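Shown here: structure-v2.txt, compact mmCIF, C-alpha atoms.
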```
# COMPACT_ATOMS: atom_id res chain seq x y z
CA MET A 1 59.91 35.34 41.85
CA ALA A 2 58.85 38.76 43.18
CA PRO A 3 60.48 39.90 46.45
CA ARG A 4 58.56 39.36 49.69
CA PRO A 5 59.55 42.21 52.03
CA ILE A 6 57.35 41.15 54.98
CA GLU A 7 58.63 37.58 54.95
CA ASP A 8 62.18 38.85 54.62
CA ARG A 9 61.80 41.11 57.68
CA TRP A 10 60.43 38.24 59.75
CA GLU A 11 63.32 36.10 58.57
CA GLN A 12 65.80 38.75 59.76
CA PHE A 13 63.97 39.00 63.09
CA TYR A 14 64.08 35.21 63.62
CA ARG A 15 67.81 35.21 62.79
CA TYR A 16 69.03 38.30 64.63
CA GLY A 17 66.23 39.13 67.07
CA PRO A 18 67.31 36.62 69.75
CA TYR A 19 70.82 38.16 69.81
CA ALA A 20 69.33 41.62 70.29
CA ALA A 21 66.88 40.51 72.99
CA LEU A 22 69.53 38.53 74.85
CA THR A 23 72.00 41.41 74.69
CA LEU A 24 69.42 43.94 75.91
CA ALA A 25 68.28 41.63 78.73
CA THR A 26 71.91 41.08 79.77
CA LEU A 27 72.69 44.81 79.86
CA VAL A 28 69.58 45.70 81.88
CA SER A 29 70.15 42.76 84.24
CA ALA A 30 73.76 43.80 84.74
CA VAL A 31 72.69 47.31 85.77
CA ALA A 32 70.38 45.88 88.43
CA ALA A 33 72.59 42.94 89.35
CA ASP A 34 73.87 44.42 92.63
CA LEU A 35 70.30 44.83 93.90
CA LEU A 36 68.79 41.55 92.69
CA MET A 37 71.61 38.97 92.50
CA THR A 38 74.35 37.50 94.65
CA ARG A 39 77.87 37.06 93.38
CA ALA A 40 77.28 33.34 92.75
CA GLU A 41 74.08 34.11 90.86
CA MET A 42 75.99 36.63 88.72
CA TYR A 43 78.54 33.98 87.75
CA THR A 44 75.78 31.47 87.06
CA ALA A 45 73.87 34.01 84.96
CA GLY A 46 77.04 34.83 83.02
CA ALA A 47 77.58 31.15 82.26
CA LEU A 48 73.96 30.73 81.17
CA VAL A 49 74.20 33.83 78.94
CA ALA A 50 77.28 32.34 77.27
CA VAL A 51 75.36 29.09 76.71
CA ALA A 52 72.44 31.11 75.27
CA TYR A 53 74.75 32.88 72.81
CA GLY A 54 76.23 29.55 71.83
CA LEU A 55 72.71 28.13 71.31
CA GLN A 56 71.85 31.07 69.07
CA ALA A 57 75.06 30.61 67.06
CA TRP A 58 74.32 26.90 66.62
CA TRP A 59 70.75 27.59 65.54
CA GLY A 60 71.88 30.30 63.12
CA ARG A 61 74.00 27.72 61.29
CA THR A 62 71.45 24.88 61.56
CA ARG A 63 68.18 26.64 60.84
CA PRO A 64 66.99 26.28 57.21
CA ARG A 65 65.83 29.53 55.57
CA SER A 66 62.65 28.10 54.04
CA ALA A 67 61.21 26.01 56.91
CA PRO A 68 62.85 24.85 60.15
CA ALA A 69 63.30 21.11 60.58
CA ALA A 70 60.84 19.90 63.21
CA PRO A 71 63.15 17.96 65.59
CA ALA A 72 65.91 20.58 65.60
CA ALA A 73 63.42 23.44 65.92
CA MET A 74 61.66 21.82 68.87
CA ALA A 75 64.99 21.16 70.59
CA TYR A 76 66.11 24.77 70.04
CA TYR A 77 62.83 26.21 71.36
CA ALA A 78 62.83 23.93 74.42
CA LEU A 79 66.47 24.72 75.32
CA ARG A 80 65.96 28.45 74.85
CA THR A 81 62.79 28.40 76.99
CA VAL A 82 64.63 26.54 79.78
CA LEU A 83 67.56 28.97 79.61
CA ALA A 84 65.20 31.97 79.64
CA PHE A 85 63.32 30.56 82.63
CA ALA A 86 66.57 29.93 84.53
CA LEU A 87 67.92 33.41 83.74
CA THR A 88 64.63 35.03 84.76
CA TRP A 89 64.77 33.05 88.00
CA LEU A 90 68.15 34.66 88.64
CA ASN A 91 67.12 38.15 87.43
CA PRO A 92 63.55 39.21 86.42
CA PHE A 93 64.88 41.46 83.66
CA PHE A 94 65.89 38.41 81.64
CA ALA A 95 62.16 38.14 80.86
CA ILE A 96 63.05 40.39 77.89
CA TYR A 97 64.82 37.38 76.41
CA ALA A 98 62.05 34.99 77.48
CA ALA A 99 59.44 37.08 75.59
CA LEU A 100 60.88 35.74 72.33
CA GLY A 101 58.84 32.60 72.99
CA TYR A 102 55.67 34.48 72.00
CA PHE A 103 56.99 35.43 68.56
CA ASP A 104 58.50 32.30 67.04
CA VAL A 105 56.49 29.59 68.78
CA GLU A 106 54.39 28.88 65.70
CA PRO A 107 57.16 28.49 63.10
CA LEU A 108 59.29 26.41 65.51
CA LEU A 109 56.74 24.07 67.09
CA PRO A 110 54.05 21.86 65.53
CA LYS A 111 50.49 23.03 66.13
CA PRO A 112 49.71 20.59 68.99
CA ALA A 113 52.74 21.89 70.92
CA VAL A 114 52.13 25.63 70.32
CA ARG A 115 49.86 25.99 73.39
CA ILE A 116 52.46 24.33 75.59
CA GLY A 117 55.12 26.76 74.38
CA LEU A 118 52.84 29.76 74.96
CA LEU A 119 51.88 28.61 78.47
CA ALA A 120 55.55 28.01 79.37
CA THR A 121 56.53 31.47 78.16
CA ALA A 122 53.55 33.01 80.02
CA ALA A 123 54.79 31.36 83.26
CA THR A 124 58.23 32.89 82.88
CA LEU A 125 56.86 36.38 82.18
CA ALA A 126 54.28 36.16 84.98
CA GLY A 127 57.09 35.26 87.41
CA SER A 128 59.08 38.29 86.28
CA GLN A 129 56.07 40.63 86.52
CA SER A 130 55.09 39.39 89.98
CA GLY A 131 58.46 40.30 91.52
CA GLY A 132 60.74 37.49 90.49
CA LEU A 133 60.98 33.73 90.79
CA PRO A 134 60.24 32.07 93.05
CA PRO A 135 57.49 34.29 94.55
CA ALA A 136 58.69 35.37 98.00
CA HIS A 137 55.37 36.02 99.77
CA LEU A 138 51.71 35.10 99.56
CA MET A 139 50.88 38.32 97.72
CA ASN A 140 53.60 37.49 95.20
CA TRP A 141 52.00 34.08 94.66
CA ILE A 142 48.57 35.67 94.22
CA ALA A 143 50.05 38.21 91.80
CA PHE A 144 51.87 35.40 89.97
CA GLY A 145 48.62 33.42 89.57
CA ALA A 146 46.68 36.43 88.35
CA LEU A 147 49.42 37.51 85.98
CA TYR A 148 49.86 33.97 84.69
CA VAL A 149 46.15 33.73 83.89
CA LEU A 150 46.32 37.13 82.20
CA ASN A 151 49.45 36.35 80.20
CA SER A 152 48.32 32.90 79.11
CA SER A 153 44.82 34.15 78.21
CA LEU A 154 46.17 37.00 76.13
CA ALA A 155 48.74 34.74 74.45
CA LEU A 156 46.15 32.10 73.56
CA PHE A 157 43.62 34.74 72.46
CA PHE A 158 46.02 36.45 70.08
CA TRP A 159 47.30 33.11 68.81
CA ASN A 160 43.76 31.93 68.07
CA ALA A 161 42.98 35.28 66.43
CA GLY A 162 46.10 34.93 64.31
CA MET A 163 45.12 31.40 63.37
CA ARG A 164 41.67 32.63 62.27
CA GLU A 165 43.25 35.39 60.21
CA GLU A 166 45.62 32.89 58.62
CA GLU A 167 42.72 30.59 57.82
CA LYS A 168 40.76 33.50 56.42
CA ALA A 169 43.75 34.56 54.34
CA ARG A 170 44.20 30.97 53.15
CA VAL A 171 40.54 30.71 52.15
CA GLN A 172 40.76 34.07 50.39
CA ALA A 173 43.90 32.98 48.57
CA GLU A 174 42.22 29.74 47.49
CA THR A 175 39.13 31.69 46.42
CA ILE A 176 41.25 34.12 44.41
CA ALA A 177 43.15 31.23 42.83
CA GLU A 178 39.88 29.51 41.97
CA LEU A 179 38.51 32.75 40.53
CA GLU A 180 41.64 33.13 38.44
CA ARG A 181 41.24 29.57 37.17
CA THR A 182 37.57 30.27 36.49
CA ASN A 183 38.46 33.46 34.63
CA ILE A 184 40.96 31.52 32.53
CA ARG A 185 38.30 28.92 31.75
CA LEU A 186 35.81 31.69 30.95
CA GLU A 187 38.30 33.38 28.63
CA GLU A 188 38.93 30.06 26.92
CA ALA A 189 35.16 29.46 26.67
CA MET A 190 34.62 32.98 25.30
CA ALA A 191 37.34 32.43 22.73
CA GLU A 192 35.78 29.10 21.81
CA ASN A 193 32.33 30.71 21.67
CA ALA A 194 33.67 33.46 19.43
CA ALA A 195 35.10 30.83 17.08
CA LEU A 196 31.82 28.91 17.17
CA HIS A 197 29.88 32.12 16.59
CA ALA A 198 32.00 32.89 13.56
CA GLN A 199 31.52 29.33 12.33
CA LEU A 200 27.76 29.57 12.90
CA LEU A 201 27.64 32.83 10.97
CA VAL A 202 29.40 31.17 8.06
CA GLN A 203 27.07 28.18 8.26
CA ALA A 204 24.02 30.43 8.57
CA ARG A 205 25.20 32.42 5.57
CA GLU A 206 25.71 29.21 3.59
CA ALA A 207 22.35 27.86 4.77
CA GLY A 208 20.68 31.10 3.71
CA VAL A 209 22.29 30.87 0.30
CA ASP A 210 21.25 27.22 -0.07
CA ASP A 211 17.72 27.98 1.10
CA GLU A 212 17.44 30.85 -1.38
CA ARG A 213 18.74 28.61 -4.15
CA ARG A 214 16.15 25.96 -3.30
CA ARG A 215 13.42 28.58 -3.16
CA LEU A 216 14.35 30.02 -6.54
CA ALA A 217 14.68 26.56 -8.03
CA ALA A 218 11.21 25.62 -6.79
CA GLU A 219 9.76 28.93 -7.98
CA ILE A 220 11.35 28.51 -11.42
CA HIS A 221 9.94 25.01 -11.60
CA ASP A 222 6.48 26.14 -10.54
CA THR A 223 6.38 29.20 -12.80
CA LEU A 224 8.73 29.18 -15.75
CA ALA A 225 8.94 25.41 -16.27
CA GLN A 226 5.21 24.85 -16.01
CA GLY A 227 4.49 27.96 -18.05
CA LEU A 228 6.86 26.92 -20.81
CA THR A 229 5.36 23.44 -20.81
CA GLY A 230 1.91 24.92 -21.22
CA ILE A 231 3.09 27.26 -23.98
CA ILE A 232 4.67 24.36 -25.84
CA THR A 233 1.43 22.37 -25.52
CA GLN A 234 -0.63 25.27 -26.89
CA LEU A 235 1.80 25.89 -29.74
CA GLN A 236 1.68 22.23 -30.66
CA ALA A 237 -2.09 22.51 -30.79
CA VAL A 238 -1.73 25.60 -33.01
CA ALA A 239 0.52 23.69 -35.39
CA SER A 240 -1.94 20.81 -35.66
CA THR A 241 -5.06 22.97 -36.21
CA ARG A 242 -3.92 26.06 -38.11
CA ASP A 243 -4.66 24.57 -41.52
CA THR A 244 -7.88 22.75 -40.67
CA ASP A 245 -9.41 25.00 -38.00
CA PRO A 246 -7.93 28.53 -37.93
CA GLY A 247 -10.37 29.63 -35.19
CA THR A 248 -9.28 26.90 -32.79
CA ALA A 249 -5.64 27.60 -33.64
CA ARG A 250 -6.19 31.24 -32.78
CA VAL A 251 -7.63 30.27 -29.40
CA HIS A 252 -4.58 28.12 -28.63
CA LEU A 253 -2.27 30.92 -29.74
CA ASP A 254 -4.01 33.40 -27.45
CA ARG A 255 -3.66 30.93 -24.57
CA ALA A 256 0.05 30.55 -25.31
CA ALA A 257 0.52 34.32 -25.24
CA ALA A 258 -1.45 34.60 -21.99
CA LEU A 259 0.66 31.82 -20.43
CA ALA A 260 3.84 33.60 -21.51
CA ARG A 261 2.75 36.90 -19.93
CA HIS A 262 1.59 35.10 -16.79
CA SER A 263 4.84 33.13 -16.50
CA LEU A 264 6.92 36.27 -16.99
CA GLY A 265 5.03 38.05 -14.22
CA GLU A 266 5.33 35.06 -11.88
CA ALA A 267 9.07 34.84 -12.57
CA ARG A 268 9.54 38.49 -11.63
CA ARG A 269 7.50 37.99 -8.45
CA SER A 270 9.53 34.89 -7.56
CA VAL A 271 12.81 36.79 -7.89
CA HIS A 272 11.53 39.45 -5.47
CA ASN A 273 9.97 36.80 -3.19
CA LEU A 274 6.46 38.23 -3.59
CA VAL A 275 3.21 36.34 -3.24
CA PRO A 276 1.84 34.76 -6.43
CA ALA A 277 -0.20 37.08 -8.62
CA ALA A 278 -3.28 34.92 -8.05
CA LEU A 279 -3.22 35.85 -4.33
CA GLU A 280 -2.58 39.55 -4.83
CA HIS A 281 -6.27 40.42 -5.14
CA ASP A 282 -8.04 37.16 -4.20
CA ASP A 283 -8.07 35.00 -1.11
CA LEU A 284 -6.90 31.39 -1.30
CA PRO A 285 -10.27 29.76 -2.16
CA ARG A 286 -10.93 32.13 -5.09
CA ALA A 287 -7.31 31.86 -6.29
CA LEU A 288 -7.49 28.06 -6.16
CA GLY A 289 -10.82 28.07 -7.96
CA LYS A 290 -9.39 30.16 -10.79
CA THR A 291 -6.26 27.96 -10.94
CA VAL A 292 -8.35 24.77 -11.20
CA THR A 293 -10.56 26.33 -13.88
CA GLY A 294 -7.50 27.49 -15.85
CA TYR A 295 -5.90 24.04 -15.83
CA ALA A 296 -9.18 22.50 -16.90
CA GLU A 297 -9.56 24.89 -19.82
CA ARG A 298 -5.98 24.47 -21.05
CA SER A 299 -5.74 20.70 -20.72
CA GLY A 300 -9.30 19.47 -21.10
CA LEU A 301 -9.12 17.99 -17.60
CA ARG A 302 -12.48 17.78 -15.85
CA ALA A 303 -11.66 19.30 -12.50
CA GLU A 304 -13.84 20.17 -9.51
CA PHE A 305 -12.97 22.46 -6.60
CA THR A 306 -14.58 22.27 -3.13
CA VAL A 307 -14.16 24.34 0.03
CA THR A 308 -15.18 23.02 3.48
CA GLY A 309 -15.14 24.75 6.87
CA THR A 310 -15.14 28.43 7.70
CA VAL A 311 -12.94 30.46 5.37
CA GLU A 312 -10.41 32.61 7.25
CA PRO A 313 -7.78 35.09 6.02
CA LEU A 314 -4.43 33.31 5.81
CA HIS A 315 -0.85 34.46 6.12
CA ASP A 316 0.65 35.10 2.68
CA GLU A 317 3.25 32.34 3.08
CA VAL A 318 0.58 29.74 3.93
CA GLY A 319 -1.58 30.73 0.97
CA ALA A 320 1.38 30.78 -1.44
CA THR A 321 2.54 27.34 -0.24
CA LEU A 322 -0.85 25.69 -0.75
CA LEU A 323 -1.36 27.38 -4.12
CA ARG A 324 2.02 26.18 -5.41
CA ILE A 325 1.34 22.64 -4.15
CA ALA A 326 -2.02 22.63 -5.97
CA GLU A 327 -0.40 23.90 -9.18
CA GLU A 328 2.27 21.20 -9.04
CA ALA A 329 -0.23 18.43 -8.33
CA LEU A 330 -2.51 19.54 -11.20
CA ALA A 331 0.48 19.85 -13.54
CA ASN A 332 1.52 16.29 -12.67
CA ALA A 333 -2.04 15.07 -13.25
CA THR A 334 -2.18 16.60 -16.74
CA ARG A 335 1.44 16.03 -17.78
CA HIS A 336 2.40 12.64 -16.32
CA SER A 337 -0.61 10.62 -15.21
CA GLY A 338 -2.94 11.13 -18.19
CA ALA A 339 -5.83 11.81 -15.84
CA ALA A 340 -9.29 12.69 -17.19
CA ARG A 341 -10.76 13.88 -13.89
CA ALA A 342 -9.42 15.57 -10.80
CA GLY A 343 -10.84 16.92 -7.57
CA VAL A 344 -9.38 19.63 -5.36
CA THR A 345 -10.67 20.12 -1.78
CA LEU A 346 -9.58 22.91 0.57
CA SER A 347 -10.61 22.26 4.18
CA TYR A 348 -10.42 24.74 7.07
CA MET A 349 -10.09 22.62 10.22
CA GLY A 350 -9.62 24.88 13.24
CA ASP A 351 -5.87 25.25 13.76
CA GLU A 352 -5.01 23.41 10.53
CA ILE A 353 -5.84 23.68 6.87
CA THR A 354 -5.63 20.77 4.44
CA LEU A 355 -5.48 20.61 0.67
CA ASP A 356 -6.38 17.36 -1.10
CA ILE A 357 -5.85 16.78 -4.84
CA ARG A 358 -7.09 13.51 -6.35
CA ASP A 359 -6.93 12.30 -9.93
CA ASP A 360 -7.89 9.15 -11.85
CA GLY A 361 -4.61 8.87 -13.74
CA CYS A 362 -2.29 5.93 -14.20
CA GLY A 363 -0.81 6.23 -10.71
CA PHE A 364 2.62 5.02 -9.60
CA ASP A 365 4.48 3.34 -6.76
CA PRO A 366 5.76 6.11 -4.40
CA ALA A 367 8.37 3.74 -2.90
CA ALA A 368 9.87 3.05 -6.32
CA LEU A 369 10.54 6.67 -7.27
CA PRO A 370 14.22 7.35 -8.04
CA ALA A 371 16.11 9.90 -5.93
CA ARG A 372 15.93 13.43 -7.32
CA THR A 373 19.05 14.51 -9.16
CA GLY A 374 20.32 17.89 -10.16
CA THR A 375 18.73 17.52 -13.59
CA GLY A 376 15.41 16.16 -12.36
CA GLY A 377 12.23 17.97 -11.40
CA PHE A 378 11.18 19.46 -8.10
CA GLY A 379 7.68 17.91 -8.13
CA LEU A 380 6.97 15.66 -5.14
CA GLY A 381 10.11 16.68 -3.23
CA GLY A 382 9.36 20.34 -3.87
CA MET A 383 5.85 19.97 -2.48
CA ARG A 384 7.18 18.36 0.69
CA ALA A 385 9.90 20.99 1.03
CA ARG A 386 7.37 23.81 0.69
CA ALA A 387 5.12 22.32 3.35
CA GLU A 388 7.99 21.60 5.76
CA ARG A 389 9.14 25.21 5.46
CA ILE A 390 5.98 26.27 7.32
CA ALA A 391 5.88 23.23 9.65
CA GLY A 392 3.50 21.25 7.45
CA THR A 393 3.46 17.82 5.82
CA VAL A 394 2.61 16.32 2.43
CA GLU A 395 1.42 12.74 2.08
CA ILE A 396 1.06 10.96 -1.25
CA GLU A 397 -1.06 7.86 -1.88
CA SER A 398 -0.89 6.15 -5.22
CA GLU A 399 -0.86 2.73 -6.86
CA PRO A 400 -0.28 1.81 -10.48
CA GLY A 401 -3.62 2.09 -12.30
CA GLN A 402 -5.41 3.49 -9.23
CA GLY A 403 -4.81 7.24 -9.56
CA THR A 404 -3.01 9.55 -7.15
CA ALA A 405 -4.01 11.46 -4.01
CA VAL A 406 -1.90 14.29 -2.63
CA SER A 407 -2.75 15.60 0.86
CA ALA A 408 -1.03 18.69 2.26
CA ARG A 409 -1.57 19.64 5.92
CA VAL A 410 -0.22 22.94 7.29
CA PRO A 411 -0.88 25.12 10.36
CA LEU A 412 -3.62 27.67 9.91
CA VAL A 413 -1.71 30.91 10.48
CA ARG A 414 -4.02 33.88 10.22
CA ARG A 415 -3.11 37.11 8.53
CA ILE A 416 -2.20 39.80 11.04
```

Whole structure, structure tokens version:
Amino acid sequence: MAPRPIEDRWEQFYRYGPYAALTLATLVSAVAADLLMTRAEMYTAGALVAVAYGLQAWWGRTRPRSAPAAPAAMAYYALRTVLAFALTWLNPFFAIYAALGYFDVEPLLPKPAVRIGLLATAATLAGSQSGGLPPAHLMNWIAFGALYVLNSSLALFFWNAGMREEEKARVQAETIAELERTNIRLEEAMAENAALHAQLLVQAREAGVDDERRRLAAEIHDTLAQGLTGIITQLQAVASTRDTDPGTARVHLDRAAALARHSLGEARRSVHNLVPAALEHDDLPRALGKTVTGYAERSGLRAEFTVTGTVEPLHDEVGATLLRIAEEALANATRHSGAARAGVTLSYMGDEITLDIRDDGCGFDPAALPARTGTGGFGLGGMRARAERIAGTVEIESEPGQGTAVSARVPLVRRI
């Protein structure tokens, strides 16, 4: 533990100060003894001084260094105060020894008895200052009363001031201790936050990687997979008509080449996260109209496209999402459901925009669909994922033999 110089000095004063005060009071009193004391009073004072030295020696051996024991401390203080009063009665200069009662009253007495100790010491000093005890004349009594009031008032005032300072120091010490505990908790919280921040960065990095993988997977499905499927279909038509109808075979071959070029361009745009080529020069209604017409020409599907509401310029992400959903729904209608007719409706509805795709195909039971695996397609799940990415929803209604209806609803975010 670090040294405490102030406490050590007070400890030395409490141990050796009474000897010094008693010795000084005895020397001064002895000088003035012939003027103030009789021979009998000198002998009595000498005996009382010897008792006082003995009391100090006893207390020096009894007093604990850390904290005085209450009963012994009270007995020591009371005996010393009585001895000091008696000596001052015999010679006023012994008030030097009595003044010790102001200094160690608090460590020796419990708080309720401190005022009594201060008032007793003030009485002894007031008697000395007023000319000695007992007061000899009326003026001495008046002086004693005035000096007693002054001494006791000053003693109580300074004691109360000291108590307030101690309380203030205690509160400050508690505040500092609480601040230190708070700082420790804050340091622990900061260290924990730093660890959490690092963990969140790792998770965000992993989430970004996963999101980019899902985006690329969906884009590959919507561009390369569908394009390759269309190319295969056209090449199959070429193989079946090249001997019987070379002109028709040539048309299918040209469509296959066009699909290959289109798919290659879309794949490059997907890698760079660009908007689909169909939206590069056209708004969403015109791009959807061309997409519907293209699917109808390639597959023989009779498809109709309708726009309702007031057309507004859309954010690229909103347009791309709806276009990809339409492409997937039309691809499902031609590839899986065997539909002969389909209808696509784009509706501008204030703060929302909806896309509805209906077909008259074989339909299915949405609740009976198997969970998507790593080798499966991204069809229905991909449409939902695209819509959810921009805070939208996709609902699918279908029954076996009753066709399929896909409804996508997304916020209408305008192009800035």

Kindly give the distance, in Å, that separates atom CA of A:Ala120 and atom CA of A:Thr81, rounded to a single decimal.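 These atoms are spaced 7.6 Å apart.
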
Hey, what's within 7 Å of A:Leu22 if we count all atoms listed in the file and toss same-chain stuff fewer than 4 positions away? As a list in words, please?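 Returned residues: Pro18, Thr26 and Tyr97 of chain A.
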
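If you measure from each of A:Ala70, A:Asn91, A:Ala50, A:Leu314 to A:Ala33 using all atoms listed in the file, the closest one turns out to be A:Asn91.
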
Which of A:Asp8, A:Val49, A:Ala113, A:Gly300 sits closest to A:Leu27 [using only C-alpha atoms]: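 Between A:Asp8, A:Val49, A:Ala113, A:Gly300, the residue approaching A:Leu27 most closely is A:Val49.
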
Can you tell me which residues surround A:Asp282 at a distance of at most 12 Å, considering all atoms listed in the file, apart from same-chain residues fewer than 4 positions away, and format the answer as a ChimeraX atom specification? /A:275-278,286-291,313-314,316,319-320,323

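Compared by their closest atoms to A:Ala342, and using all atoms listed in the file, the residues A:Gly379, A:Gly361, A:Pro285, A:Pro5 rank with A:Gly361 nearest.
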
Shell of 10 Å around stretch 398-412 of chain A, all atoms listed in the file, local chain residues under 4 positions omitted, as a PyMOL selection string: chain A and resi 312-315+318-319+321-322+325-326+329+332-333+337-339+341-367+380+383-384+386-394

Atom CA of A:Tyr53 and atom CA of A:Leu100 are how many Å apart?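 Atom CA of A:Leu100 lies 14.2 Å from atom CA of A:Tyr53.
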
I want to know what sits within 12 Å of A:Thr44, based on all atoms listed in the file, with residues of the same chain fewer than 4 positions away left out; could you give that as an MDAnalysis selection string? chainID A and resid 37:40 48:51 83 86:91

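Take the candidates A:Ala258, A:Leu24, A:Leu200, A:Leu133 and check each one against A:Leu228 using only C-alpha atoms; the shortest distance goes to A:Ala258.
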
Quick one: residues within 9 Å of (61.9, 24.9, 74.1) (file frame), counting all atoms listed in the file, please, as a PyMOL selection string. chain A and resi 73-83+101+105+109+117+120

Determine the nearest neighbour of A:Val311 from the options A:Leu284, A:Asp254, A:Arg298, A:Val28, counting only C-alpha atoms.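 Closest to A:Val311, using only C-alpha atoms: A:Leu284.
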
Between atom CA of A:Leu259 and atom CA of A:Ile231 - distance in Å to one decimal: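 Separating atom CA of A:Ile231 from atom CA of A:Leu259 is a distance of 6.3 Å.
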